[in-house]
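To be precise, the following lines are start.txt, and they hold compact mmCIF, C-alpha atoms.
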# COMPACT_ATOMS: atom_id res chain seq x y z
CA LEU U 1 -175.23 131.06 111.46
CA LEU U 2 -173.32 127.82 110.93
CA PHE U 3 -171.91 129.40 107.75
CA LEU U 4 -169.82 131.67 109.97
CA VAL U 5 -168.33 128.90 112.14
CA PRO U 6 -165.33 128.16 109.85
CA TYR U 7 -164.34 131.83 110.00
CA VAL U 8 -164.39 132.16 113.79
CA VAL U 9 -160.77 131.27 114.50
CA ASN U 10 -160.70 130.25 118.17
CA TYR U 11 -157.99 127.58 117.88
CA GLU U 12 -154.23 127.68 117.90
CA GLY U 13 -152.63 127.37 114.47
CA SER U 14 -151.19 129.31 111.56
CA TYR U 15 -153.77 132.10 111.89
CA ARG U 16 -152.90 132.80 115.52
CA GLN U 17 -149.21 132.33 114.80
CA GLU U 18 -149.18 134.96 112.07
CA ILE U 19 -151.17 137.37 114.27
CA GLU U 20 -148.61 137.06 117.05
CA ILE U 21 -145.74 137.67 114.63
CA ALA U 22 -147.42 140.70 113.05
CA ARG U 23 -148.42 142.12 116.43
CA THR U 24 -144.87 141.69 117.73
CA MET U 25 -143.49 143.49 114.68
CA ASN U 26 -145.94 146.37 115.06
CA GLU U 27 -145.01 146.75 118.72
CA LYS U 28 -141.27 146.57 118.07
CA TYR U 29 -140.87 148.54 114.84
CA GLY U 30 -143.90 150.81 115.05
CA PRO U 31 -146.80 151.21 112.62
CA TRP U 32 -144.55 151.98 109.63
CA ILE U 33 -141.68 149.78 108.49
CA SER U 34 -138.69 151.83 107.31
CA ARG U 35 -135.62 150.59 105.46
CA GLU U 36 -133.73 150.62 108.76
CA ASP U 37 -136.51 148.53 110.31
CA TYR U 38 -136.20 146.09 107.43
CA GLU U 39 -132.53 145.53 108.27
CA LEU U 40 -133.47 145.04 111.93
CA MET U 41 -136.13 142.53 110.91
CA LYS U 42 -133.52 140.46 109.08
CA ALA U 43 -131.35 140.47 112.19
CA ASP U 44 -134.32 139.58 114.43
CA VAL U 45 -135.54 136.49 112.57
CA PRO U 46 -135.84 133.84 115.33
CA PHE U 47 -133.53 131.10 114.04
CA GLU U 48 -132.51 129.93 117.53
CA GLY U 49 -133.93 126.61 118.64
CA LYS U 50 -134.71 125.48 115.10
CA GLU U 51 -131.64 123.33 114.53
CA MET U 52 -133.79 120.35 113.49
CA LEU U 53 -134.73 122.20 110.31
CA ASP U 54 -131.03 122.81 109.62
CA GLN U 55 -130.40 119.07 109.98
CA LEU U 56 -133.27 118.18 107.62
CA ILE U 57 -132.53 120.63 104.81
CA PRO U 58 -129.28 118.99 103.55
CA GLN U 59 -131.29 115.79 102.98
CA ILE U 60 -133.67 117.51 100.53
CA PRO U 61 -132.47 117.41 96.87
CA GLU U 62 -134.19 120.68 95.91
CA PHE U 63 -132.15 122.59 98.49
CA ALA U 64 -128.91 121.04 97.28
CA GLN U 65 -129.72 122.09 93.72
CA ALA U 66 -130.42 125.65 94.89
CA GLY U 67 -127.20 125.77 96.92
CA ILE U 68 -128.97 126.37 100.24
CA ARG U 69 -127.60 124.50 103.24
CA ASP U 70 -129.76 125.72 106.15
CA ILE U 71 -133.01 127.47 107.02
CA LYS U 72 -131.28 130.81 107.44
CA GLY U 73 -130.13 130.65 103.85
CA LEU U 74 -133.71 130.07 102.70
CA VAL U 75 -135.27 132.88 104.74
CA LEU U 76 -132.66 135.56 104.02
CA ASP U 77 -131.84 134.69 100.41
CA GLU U 78 -132.49 137.64 98.07
CA THR U 79 -131.56 136.00 94.77
CA LEU U 80 -134.30 133.39 94.43
CA SER U 81 -137.58 134.28 92.76
CA THR U 82 -140.89 134.02 94.61
CA GLU U 83 -141.75 130.87 92.68
CA GLU U 84 -138.43 129.25 93.55
CA LYS U 85 -138.81 130.05 97.24
CA THR U 86 -142.37 128.74 97.23
CA ALA U 87 -141.15 125.48 95.70
CA LEU U 88 -138.44 125.14 98.36
CA TRP U 89 -140.91 125.74 101.21
CA ALA U 90 -143.19 123.11 99.67
CA ALA U 91 -140.29 120.64 99.48
CA LEU U 92 -139.45 121.33 103.13
CA ASN U 93 -143.07 120.76 104.19
CA ASP U 94 -143.15 117.49 102.24
CA ALA U 95 -139.98 116.31 103.96
CA ILE U 96 -141.42 117.18 107.38
CA SER U 97 -144.69 115.39 106.60
CA LEU U 98 -142.77 112.15 105.99
CA LYS U 99 -141.63 112.23 109.61
CA ILE U 100 -145.11 112.60 111.12
CA TYR U 101 -145.62 108.86 111.60
CA GLU U 102 -142.03 108.16 112.65
CA GLU U 103 -141.53 111.03 115.10
CA PRO U 104 -144.87 112.86 115.54
CA GLU U 105 -143.78 115.23 118.32
CA LEU U 106 -140.62 116.25 116.47
CA ALA U 107 -142.53 116.69 113.21
CA SER U 108 -145.16 118.82 114.96
CA GLN U 109 -142.48 121.11 116.38
CA MET U 110 -140.78 121.36 113.00
CA ILE U 111 -144.09 122.33 111.37
CA THR U 112 -144.60 125.07 113.95
CA ASP U 113 -141.04 126.35 113.51
CA GLY U 114 -141.33 126.21 109.72
CA LEU U 115 -144.59 128.18 109.74
CA GLU U 116 -143.10 130.86 111.96
CA LEU U 117 -140.06 131.30 109.75
CA SER U 118 -142.16 131.18 106.56
CA TYR U 119 -144.13 134.22 107.76
CA TRP U 120 -140.91 136.11 108.48
CA SER U 121 -139.66 135.10 105.05
CA ASP U 122 -142.89 136.25 103.36
CA TYR U 123 -142.83 139.63 105.10
CA LEU U 124 -139.19 140.24 104.21
CA GLU U 125 -139.67 139.17 100.60
CA THR U 126 -142.87 141.20 100.19
CA TYR U 127 -141.14 144.28 101.62
CA ARG U 128 -138.34 143.88 99.10
CA GLU U 129 -140.74 143.49 96.19
CA GLU U 130 -143.27 146.14 97.20
CA VAL U 131 -141.10 148.78 98.90
CA LEU U 132 -137.41 148.40 98.10
CA ASP U 133 -137.76 147.32 94.49
CA PRO U 134 -141.38 147.93 93.43
CA PRO U 135 -142.61 147.33 89.87
CA ALA U 136 -142.48 150.30 87.53
CA GLU U 137 -146.28 150.15 87.24
CA GLY U 138 -148.83 148.65 89.59
CA THR U 139 -147.77 146.14 92.23
CA THR U 140 -146.65 142.54 92.30
CA TYR U 141 -150.31 141.45 92.52
CA TYR U 142 -152.11 144.22 90.58
CA THR U 143 -151.11 144.68 86.94
CA ASP U 144 -152.52 146.35 83.81
CA LEU U 145 -154.01 149.18 85.83
CA SER U 146 -155.96 152.13 84.47
CA GLU U 147 -154.86 155.72 85.00
CA ASP U 148 -157.15 156.15 88.01
CA GLN U 149 -155.99 152.86 89.53
CA SER U 150 -152.33 153.77 89.01
CA ARG U 151 -152.94 157.12 90.67
CA ARG U 152 -154.51 155.37 93.67
CA VAL U 153 -151.57 152.93 93.91
CA ALA U 154 -149.14 155.86 93.90
CA GLU U 155 -151.12 157.53 96.71
CA ARG U 156 -151.14 154.26 98.65
CA ASN U 157 -147.37 153.90 98.21
CA ARG U 158 -146.81 157.32 99.77
CA LYS U 159 -149.15 157.05 102.76
CA GLU U 160 -150.31 153.51 103.55
CA ARG U 161 -148.02 150.87 102.08
CA ASP U 162 -145.34 150.48 104.77
CA ALA U 163 -147.52 148.86 107.43
CA ILE U 164 -148.07 145.26 108.51
CA LEU U 165 -151.56 143.76 108.28
CA PRO U 166 -151.65 139.94 108.04
CA MET U 167 -153.25 138.75 104.82
CA GLN U 168 -154.99 135.92 106.69
CA VAL U 169 -156.70 138.42 108.99
CA LEU U 170 -158.04 140.53 106.13
CA GLU U 171 -159.14 137.60 103.95
CA ASN U 172 -160.86 135.85 106.85
CA HIS U 173 -162.58 139.10 107.83
CA PHE U 174 -163.86 139.56 104.28
CA GLU U 175 -165.30 136.03 104.45
CA VAL U 176 -167.15 136.90 107.67
CA LEU U 177 -168.56 140.08 106.10
CA GLN U 178 -169.51 138.17 102.96
CA PHE U 179 -171.72 135.76 104.92
CA MET U 180 -172.94 138.22 107.55
CA ALA U 181 -174.60 140.58 105.05
CA PRO U 182 -176.87 137.93 103.41
CA LEU U 183 -177.70 136.48 106.84
CA MET U 184 -178.83 139.89 108.07
CA ILE U 185 -180.97 140.39 104.97
CA ILE U 186 -182.52 136.91 104.92
CA CYS U 187 -183.26 136.92 108.67
CA ASN U 188 -184.98 140.31 108.38
CA ILE U 189 -187.15 138.96 105.56
CA LEU U 190 -188.03 135.83 107.56
CA LEU U 191 -188.82 137.93 110.64
CA ILE U 192 -191.27 140.24 108.88
CA LEU U 193 -192.93 137.90 106.37
CA PRO U 194 -194.88 135.73 108.92
CA TYR U 195 -195.95 138.84 110.82
CA MET U 196 -197.38 140.45 107.68
CA VAL U 197 -199.24 137.33 106.52
CA ARG U 198 -200.62 136.70 110.00
CA GLU U 199 -201.83 140.31 110.33
CA ASN U 200 -203.40 140.25 106.89
CA ASN U 201 -205.28 137.06 107.77
CA SER U 202 -206.61 138.52 111.02
CA ARG U 203 -209.39 140.37 109.10
CA ILE U 204 -209.14 143.16 111.64
CA SER U 205 -208.02 146.00 109.38
CA GLY U 206 -211.56 146.67 108.12
CA LEU U 207 -212.84 147.01 111.68
CA LEU U 208 -209.95 149.31 112.62
CA TYR U 209 -210.81 151.68 109.79
CA THR U 210 -214.19 152.36 111.35
CA PHE U 211 -212.82 154.62 114.08
CA PRO U 212 -210.20 157.45 114.05
CA LYS U 213 -207.47 155.81 116.11
CA GLY U 214 -207.70 152.62 114.11
CA ARG U 215 -207.00 154.51 110.90
CA ARG U 216 -203.42 154.90 112.08
CA TYR U 217 -203.11 151.11 111.83
CA PHE U 218 -200.88 151.16 108.73
CA ARG U 219 -198.50 153.66 110.30
CA GLY U 220 -198.21 151.48 113.39
CA ARG U 221 -197.44 148.38 111.32
CA PHE U 222 -194.81 150.25 109.32
CA ALA U 223 -193.17 151.55 112.50
CA ALA U 224 -193.23 148.05 114.02
CA VAL U 225 -191.51 146.60 110.95
CA PHE U 226 -188.88 149.35 110.91
CA VAL U 227 -188.05 149.00 114.61
CA SER U 228 -187.95 145.19 114.38
CA SER U 229 -185.59 145.36 111.40
CA LEU U 230 -183.39 147.82 113.23
CA LEU U 231 -183.22 145.71 116.41
CA LEU U 232 -182.44 142.51 114.50
CA THR U 233 -179.74 144.33 112.54
CA LEU U 234 -178.19 145.61 115.78
CA ILE U 235 -178.10 142.04 117.12
CA PHE U 236 -176.19 140.92 114.04
CA LEU U 237 -173.79 143.86 114.33
CA ALA U 238 -173.13 142.84 117.95
CA MET U 239 -172.37 139.31 116.70
CA LEU U 240 -169.99 140.77 114.11
CA ALA U 241 -168.22 142.70 116.88
CA GLY U 242 -167.91 139.52 118.93
CA ILE U 243 -166.48 137.55 116.02
CA GLY U 244 -164.03 140.39 115.41
CA ALA U 245 -162.84 140.16 119.01
CA ILE U 246 -162.31 136.38 118.74
CA ASN U 247 -160.47 136.79 115.44
CA LYS U 248 -158.24 139.57 116.86
CA ILE U 249 -159.47 142.17 114.37
CA TYR U 250 -159.10 144.94 116.94
CA ASP U 251 -155.36 144.31 117.23
CA PHE U 252 -155.08 145.78 113.72
CA TRP U 253 -158.00 148.22 113.88
CA ASN U 254 -155.91 151.27 112.94
CA ILE U 255 -153.68 149.56 110.37
CA PRO U 256 -154.27 150.54 106.69
CA VAL U 257 -155.95 147.79 104.70
CA SER U 258 -153.67 148.63 101.75
CA ALA U 259 -150.52 147.63 103.66
CA PHE U 260 -147.77 145.84 101.75
CA THR U 261 -148.53 142.54 103.52
CA SER U 262 -152.31 142.51 102.95
CA GLY U 263 -152.38 141.63 99.25
CA PHE U 264 -155.19 144.15 98.85
CA ILE U 265 -155.54 147.80 97.82
CA SER U 266 -158.70 149.80 98.45
CA TRP U 267 -159.93 152.80 96.49
CA PHE U 268 -160.02 154.65 99.81
CA PRO U 269 -157.20 155.26 102.33
CA TRP U 270 -159.03 153.32 105.02
CA THR U 271 -157.83 151.42 108.03
CA LEU U 272 -159.21 147.99 108.85
CA GLY U 273 -161.54 149.61 111.37
CA GLN U 274 -162.90 152.11 108.85
CA LEU U 275 -163.44 149.39 106.26
CA THR U 276 -165.24 147.25 108.83
CA MET U 277 -167.55 150.07 109.90
CA ALA U 278 -168.33 150.94 106.28
CA ALA U 279 -169.15 147.31 105.44
CA ALA U 280 -171.25 146.94 108.61
CA GLY U 281 -173.12 150.17 107.87
CA LEU U 282 -173.88 149.17 104.28
CA SER U 283 -174.99 145.70 105.35
CA ALA U 284 -177.25 147.28 107.96
CA ALA U 285 -178.76 149.65 105.38
CA ALA U 286 -179.38 146.76 102.96
CA SER U 287 -180.84 144.64 105.77
CA ILE U 288 -183.30 147.32 106.93
CA GLY U 289 -184.14 148.11 103.31
CA ALA U 290 -184.91 144.42 102.70
CA GLY U 291 -187.22 144.40 105.73
CA LEU U 292 -189.10 147.45 104.50
CA CYS U 293 -189.36 146.00 100.98
CA THR U 294 -190.83 142.83 102.50
CA PHE U 295 -193.41 144.96 104.27
CA VAL U 296 -194.38 146.73 101.05
CA LEU U 297 -194.55 143.55 98.95
CA THR U 298 -196.66 141.63 101.48
CA VAL U 299 -198.85 144.45 102.82
CA ARG U 300 -201.92 142.86 101.24
CA CYS U 301 -200.71 139.25 101.02
CA GLY U 302 -202.55 136.66 103.11
CA ASN U 303 -201.00 133.52 101.65
CA TYR U 304 -197.64 132.17 102.84
CA ILE U 305 -196.74 130.52 99.54
CA THR U 306 -197.35 133.69 97.57
CA ALA U 307 -195.51 135.78 100.17
CA ILE U 308 -192.46 133.48 100.03
CA ALA U 309 -192.45 133.48 96.22
CA VAL U 310 -192.50 137.28 96.18
CA GLN U 311 -189.46 137.38 98.51
CA ILE U 312 -187.25 135.04 96.43
CA PRO U 313 -185.79 137.90 94.34
CA LEU U 314 -184.94 139.80 97.54
CA ILE U 315 -183.19 136.74 99.00
CA LEU U 316 -181.19 136.22 95.81
CA LEU U 317 -180.30 139.91 95.77
CA GLY U 318 -179.08 139.59 99.37
CA VAL U 319 -176.81 136.67 98.46
CA LEU U 320 -175.42 138.55 95.47
CA PHE U 321 -174.88 141.62 97.65
CA GLY U 322 -172.72 139.57 100.01
CA ILE U 323 -170.72 137.96 97.21
CA PHE U 324 -170.05 141.00 95.04
CA CYS U 325 -170.34 143.97 97.41
CA THR U 326 -168.89 142.98 100.79
CA MET U 327 -166.27 140.45 99.66
CA ARG U 328 -163.08 142.48 99.03
CA MET U 329 -165.19 145.62 99.27
CA THR U 330 -163.80 148.79 97.58
CA GLU U 331 -160.93 146.87 95.92
CA ILE U 332 -159.35 148.90 93.12
CA THR U 333 -160.40 146.29 90.55
CA LYS U 334 -164.07 147.05 91.35
CA ASN U 335 -166.35 150.06 91.02
CA PRO U 336 -165.66 152.12 94.17
CA PHE U 337 -169.29 153.13 94.69
CA LEU U 338 -171.12 149.92 93.74
CA SER U 339 -171.61 148.80 97.36
CA PHE U 340 -172.76 152.25 98.48
CA GLY U 341 -175.20 152.58 95.59
CA LEU U 342 -176.82 149.18 96.09
CA ALA U 343 -177.14 149.40 99.88
CA GLY U 344 -178.33 153.01 99.84
CA GLY U 345 -180.68 152.30 96.95
CA TRP U 346 -182.17 149.29 98.73
CA LEU U 347 -182.87 151.33 101.85
CA ALA U 348 -184.27 154.22 99.78
CA VAL U 349 -186.59 151.90 97.83
CA GLY U 350 -187.90 150.40 101.08
CA LEU U 351 -188.56 153.80 102.64
CA TRP U 352 -190.07 155.20 99.44
CA GLY U 353 -192.32 152.16 99.03
CA GLY U 354 -193.52 152.46 102.60
CA LEU U 355 -194.29 156.17 102.18
CA VAL U 356 -196.16 155.52 98.92
CA MET U 357 -198.26 152.84 100.59
CA TYR U 358 -198.90 155.19 103.51
CA GLY U 359 -200.14 157.84 101.10
CA MET U 360 -202.46 155.33 99.47
CA GLU U 361 -203.81 154.31 102.88
CA LYS U 362 -204.45 157.93 103.83
CA ARG U 363 -206.52 158.38 100.68
CA ARG U 364 -208.60 155.43 101.84
CA ASP U 365 -209.12 157.17 105.18
CA MET U 366 -212.71 157.77 106.21
CA PRO U 367 -213.84 161.11 107.71
CA ASP U 368 -214.34 161.12 111.45

Show me, as structure tokens, the structure contained in the file I just sent.
Amino acid sequence: LLFLVPYVVNYEGSYRQEIEIARTMNEKYGPWISREDYELMKADVPFEGKEMLDQLIPQIPEFAQAGIRDIKGLVLDETLSTEEKTALWAALNDAISLKIYEEPELASQMITDGLELSYWSDYLETYREEVLDPPAEGTTYYTDLSEDQSRRVAERNRKERDAILPMQVLENHFEVLQFMAPLMIICNILLILPYMVRENNSRISGLLYTFPKGRRYFRGRFAAVFVSSLLLTLIFLAMLAGIGAINKIYDFWNIPVSAFTSGFISWFPWTLGQLTMAAAGLSAAASIGAGLCTFVLTVRCGNYITAIAVQIPLILLGVLFGIFCTMRMTEITKNPFLSFGLAGGWLAVGLWGGLVMYGMEKRRDMPD
């Protein structure tokens, strides 16, 4: 679980700052940013109280070369390219960092003010590039698209684009999902493996088969494994919900993940909440499937070393599932149904294997 600690953002900083800005914009301008809202956003940029940045900028050579004399000129300029603006922000940050040892409190305040204004600048610039003057094909961050991908981008531009979802929120949430899925799978395997080996070493199954009630032994073990996998998966889903609350995911639950600020486009017109529930459901299916597969593979195994060796492919598959299926899930550069196929297939294989083993056990059944 320590893998998840870096992605539980419970401290003040740029993450929280961007969330507050995005939440304020959603409350003030509504869920969809129109051209009129864009003009209001430019008028609402909070330049007041940031005079120290205005005093610092004339001392930076890069700003003099670009003809920019204050922070307002940097934020509202519409002639500079994205690369040029990025270079100017970097130069400003470097100049502020030189003051950290001389005037730490002043430098800290300037860093906070600069971050706040940089988010406003990014949102305004992204709106210009994605909404007011979009590329003829694709987007500023997706190029060389296929016909199906271009069709999806056009649909997104009509229905989902003009919303604000912080990129940091989405990227951090994908990281949580990426680690949560393998943890669910691996923990289910480690929960069931010792139980199976211990039961197989008890030498009690032969005795149980000598009377009618005992012949339902296999069915009871299978049910115990399924219920245990389900309960452990529910615990992990509760942890995911708790992490989401700490990371303020629910503040953007109904915002489309393909918003112009997210840097991401999904094959499906989903909100952040729908994407989260889909990822959680698929991770749960893969997790329970892994538990059932562990049951099938170790149903006759009485040696821990052999049982662990047999589970190594499942563990590796769980890690790969997290990396390739939950990280940036359903992105238009990926197969839209890969995650669904793997998770559903894993669960189906586990259930099918359990039913096959049950049929084999019934054929071993002795008459009453």

Using all atoms listed in the file, can you tell me which of U:Thr306, U:Gln59, U:Gln65, U:Thr271 comes closest to Ile249 of chain U?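 Of U:Thr306, U:Gln59, U:Gln65, U:Thr271, the one nearest Ile249 of chain U is U:Thr271, counting all atoms listed in the file.
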
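Going from atom CA of Gly49 of chain U over to atom CA of Leu80 of chain U, you cover 25.1 Å.
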
Taking a cut-off of 9 Å and counting only C-alpha atoms, can you build a table that, for each residue of segment 140-255 of chain U near segment 111-130 of chain U, reports the nearest atom pair and how far apart they are in Å (one decimal), sorted by chain then residue number, as a tab-separated table?
residue	atom	partner	partner_atom	distance
U:Thr140	CA	U:Glu130	CA	7.0
U:Asn157	CA	U:Glu130	CA	8.8
U:Arg161	CA	U:Glu130	CA	8.3
U:Asp162	CA	U:Tyr127	CA	8.1
U:Ile164	CA	U:Tyr123	CA	8.4

I want to know what sits within 10 Å of Gln55 of chain U, based on all atoms listed in the file, with residues of the same chain fewer than 5 positions away left out; could you give that as a PyMOL selection string? chain U and resi 50+69-71

One decimal place gives the atom CA of Val310 of chain U-atom CA of Ile189 of chain U separation as 10.9 Å

Could you tell me which of U:Trp352, U:Trp267, U:Tyr15, U:Phe260 comes closest to Trp32 of chain U if we count all atoms listed in the file? U:Phe260

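We find atom CA of Leu240 of chain U and atom CA of Met184 of chain U to be spaced 10.7 Å apart.
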
Compare U:Phe295, U:Tyr304, U:Phe268, U:Tyr142 by their minimum atom-to-atom distance to Val197 of chain U, counting only C-alpha atoms, and give me the closest one.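 The closest residue to Val197 of chain U is U:Tyr304.
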
For a cutoff of 12 Å around the file-coordinate point (-179.0, 153.2, 99.4), which residues qualify once you count only C-alpha atoms? I'd like the result as a list of chain:residue names.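 Output of the proximity query reads U:Gly281, U:Leu282, U:Ser283, U:Ala284, U:Ala285, U:Ala286, U:Ser287, U:Ile288, U:Gly289, U:Ala290, U:Phe337, U:Leu338, U:Ser339, U:Phe340, U:Gly341, U:Leu342, U:Ala343, U:Gly344, U:Gly345, U:Trp346, U:Leu347, U:Ala348, U:Val349, U:Gly350, U:Leu351, U:Trp352.
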
Proximity to Leu317 of chain U - best of U:Ala136, U:Ile19, U:Leu74, U:Ile185, only C-alpha atoms: U:Ile185

List the neighbours of Glu155 of chain U out to 12 Å using all atoms listed in the file; skip same-chain residues closer than 3 positions along the sequence, and give me the result as an MDAnalysis selection string. chainID U and resid 138 148:152 158:161 258 265:269

For C-alpha atoms, I'd like the residues from the last selection saved as a short mmCIF file (atom, residue, chain, number, x, y, z; two decimals), in the coordinates of the input.
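New file again_30.cif:
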data_model
loop_
_atom_site.label_atom_id
_atom_site.label_comp_id
_atom_site.auth_asym_id
_atom_site.auth_seq_id
_atom_site.Cartn_x
_atom_site.Cartn_y
_atom_site.Cartn_z
CA GLY U 138 -148.83 148.65 89.59
CA ASP U 148 -157.15 156.15 88.01
CA GLN U 149 -155.99 152.86 89.53
CA SER U 150 -152.33 153.77 89.01
CA ARG U 151 -152.94 157.12 90.67
CA ARG U 152 -154.51 155.37 93.67
CA ARG U 158 -146.81 157.32 99.77
CA LYS U 159 -149.15 157.05 102.76
CA GLU U 160 -150.31 153.51 103.55
CA ARG U 161 -148.02 150.87 102.08
CA SER U 258 -153.67 148.63 101.75
CA ILE U 265 -155.54 147.80 97.82
CA SER U 266 -158.70 149.80 98.45
CA TRP U 267 -159.93 152.80 96.49
CA PHE U 268 -160.02 154.65 99.81
CA PRO U 269 -157.20 155.26 102.33
#

Could you work out an axis-aligned box for segment 148-160 of chain U, taking every atom the file lists and adding 3 Å on each side, and report centre and edge lengths in Å to one decimal, as JSON?
{"center_x": -152.0, "center_y": 155.2, "center_z": 95.8, "size_x": 16.3, "size_y": 10.7, "size_z": 21.5}

Might you pull out every residue within 12 Å of Ala224 of chain U, with only C-alpha atoms counted and same-chain residues fewer than 3 positions away left off, and present them as a ChimeraX atom specification? /U:191-192,195-196,217-221,227-231,291-292,295

How about saving the chosen residues, C-alpha atoms kept, as a PDB file, in the coordinates of the input?
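Written file, selection-v5.pdb:
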ATOM      1  CA  LEU U 191    -188.820 137.930 110.640  1.00  0.00           C
ATOM      2  CA  ILE U 192    -191.270 140.240 108.880  1.00  0.00           C
ATOM      3  CA  TYR U 195    -195.950 138.840 110.820  1.00  0.00           C
ATOM      4  CA  MET U 196    -197.380 140.450 107.680  1.00  0.00           C
ATOM      5  CA  TYR U 217    -203.110 151.110 111.830  1.00  0.00           C
ATOM      6  CA  PHE U 218    -200.880 151.160 108.730  1.00  0.00           C
ATOM      7  CA  ARG U 219    -198.500 153.660 110.300  1.00  0.00           C
ATOM      8  CA  GLY U 220    -198.210 151.480 113.390  1.00  0.00           C
ATOM      9  CA  ARG U 221    -197.440 148.380 111.320  1.00  0.00           C
ATOM     10  CA  VAL U 227    -188.050 149.000 114.610  1.00  0.00           C
ATOM     11  CA  SER U 228    -187.950 145.190 114.380  1.00  0.00           C
ATOM     12  CA  SER U 229    -185.590 145.360 111.400  1.00  0.00           C
ATOM     13  CA  LEU U 230    -183.390 147.820 113.230  1.00  0.00           C
ATOM     14  CA  LEU U 231    -183.220 145.710 116.410  1.00  0.00           C
ATOM     15  CA  GLY U 291    -187.220 144.400 105.730  1.00  0.00           C
ATOM     16  CA  LEU U 292    -189.100 147.450 104.500  1.00  0.00           C
ATOM     17  CA  PHE U 295    -193.410 144.960 104.270  1.00  0.00           C
TER      18      PHE U 295
END
